[in-house]
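Student: Could you have a look at this structure, given as structure tokens, before my questions?
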Amino acid sequence: MAAWRELRKIGAVPLGQGVWTVPDVPVFAHGLARVLELTEQAKGQAITMRASGRGPEDATRLQALFTAARSADWTEFLADCGKFDQELAKEIRNAKFTLAELEEEEQSLERLRRWHRDLTARDVFGALEAAEAAERLKQCVVACEDYAEKVFSALHQTSPENP
């Protein structure tokens with residue numbers, strides 16, 4: 001199960017029962033080594049091989065499968081960017097301008113940044129959604145900065161009782 005999770009984490013695409021594929025590029029080397037290690041620890045067996053299709057159409061199909069998997073990842077990322085925006089809008093609507101809330105939102109933004117970085121590394125064929133995801137992440141950064149300004153403004157306002 002741990003090897004399966006690692007394969008999913010690195011962005012491998014299942015081809016059939018127990019058969020997974022990733023492009024033969026360095027970004028996947030560490031993850032594949034980790035899969036082999038986990039398999040050995042579980043007393044299982046794994047084989048890695050370099051393979052090519054029987055013709056150009058096989059390579060094209062594999063690239064399409066891999067790109068479709070990345071497109072699904074980017075779609076999920078975009079949905080989380082939307083959730084991030086909704087969360088910030090809710091906090092602004094409720095005037096919840098606290099340092100604790102700002103820290104929580106900054107942690108959420110950092111999670112989006114890490115996720116974007118990981119997806120970018122795995123998206124070796126360039127799924128169409130990647131450009132939109134990069135733009136949405138920038139928008140999330142701007143929204144979080146705007147929220148931070150509101151938090152600091154609220155914290156530095158003086159009340160009539162405390163001039």
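Simple scheme: letters A, B, ... for chains in structure tokens order, numbers from 1 for residues in each chain, numbers from 1 for ligands in the order shown.
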Quick one: residues within 12 Å of Ala59 (chain A), only C-alpha atoms, excluding same-chain residues fewer than 6 positions away - as JSON, numbers by chain?

Tutor: {"A": [21, 22, 23, 24, 51, 52, 53, 65, 66]}

Student: I'd like to know which of A:Phe152, A:Phe125, A:Trp4, A:Trp20 is closest to Val35 (chain A), using only C-alpha atoms.

Tutor: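 Closest residue, counting only C-alpha atoms: A:Trp4.
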
Student: Calculated over only C-alpha atoms, which of the candidates A:Thr60, A:Thr98, A:Gln107, A:Gln139 has the smallest distance to Gly82 (chain A)?

Tutor: A:Gln139

Student: Let me make sure I understand: among A:Ala33, A:Ala121, A:Ala133, A:Ala95, which one has the smallest atom-to-atom distance to Glu76 (chain A) if we use only C-alpha atoms?

Tutor: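 Among the listed residues, A:Ala133 lies closest to Glu76 (chain A).
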
Student: Output as a ChimeraX atom specification all residues of region 17-158 of chain A that backbone DSSP marks as helix (DSSP H, G or I).

Tutor: /A:26-41,56-93,99-122,129-156

Student: Enumerate as a PyMOL selection string all residues of chain A assigned to strand (DSSP E or B) by DSSP on the backbone, naming them with the chain letters and numbers the document uses.

Tutor: chain A and resi 13-16+19-21

Student: May I have the residues within 12 Å of Leu36 (chain A) as a list in words, using only C-alpha atoms and disregarding those fewer than 3 positions away in the same chain?

Tutor: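 The residues satisfying every condition are Ala2, Ala3, Trp4, Glu6, Leu7, Ala29, His30, Gly31, Leu32, Ala33, Thr39, Glu40, Gln41, Ala42, Lys43, Gly44, Gln45, Ala46, Ile47 and Thr48 of chain A.
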
Student: Separation of CA of Glu57 (chain A) and CA of Glu129 (chain A), in Å?

Tutor: 23.7 Å

Student: Choose the residue, out of A:Lys96, A:Arg113, A:Arg70, A:Arg54, that has the smallest atom-to-atom separation from Cys140 (chain A); count only C-alpha atoms.

Tutor: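 Nearest candidate to Cys140 (chain A) out of A:Lys96, A:Arg113, A:Arg70, A:Arg54: A:Arg113.
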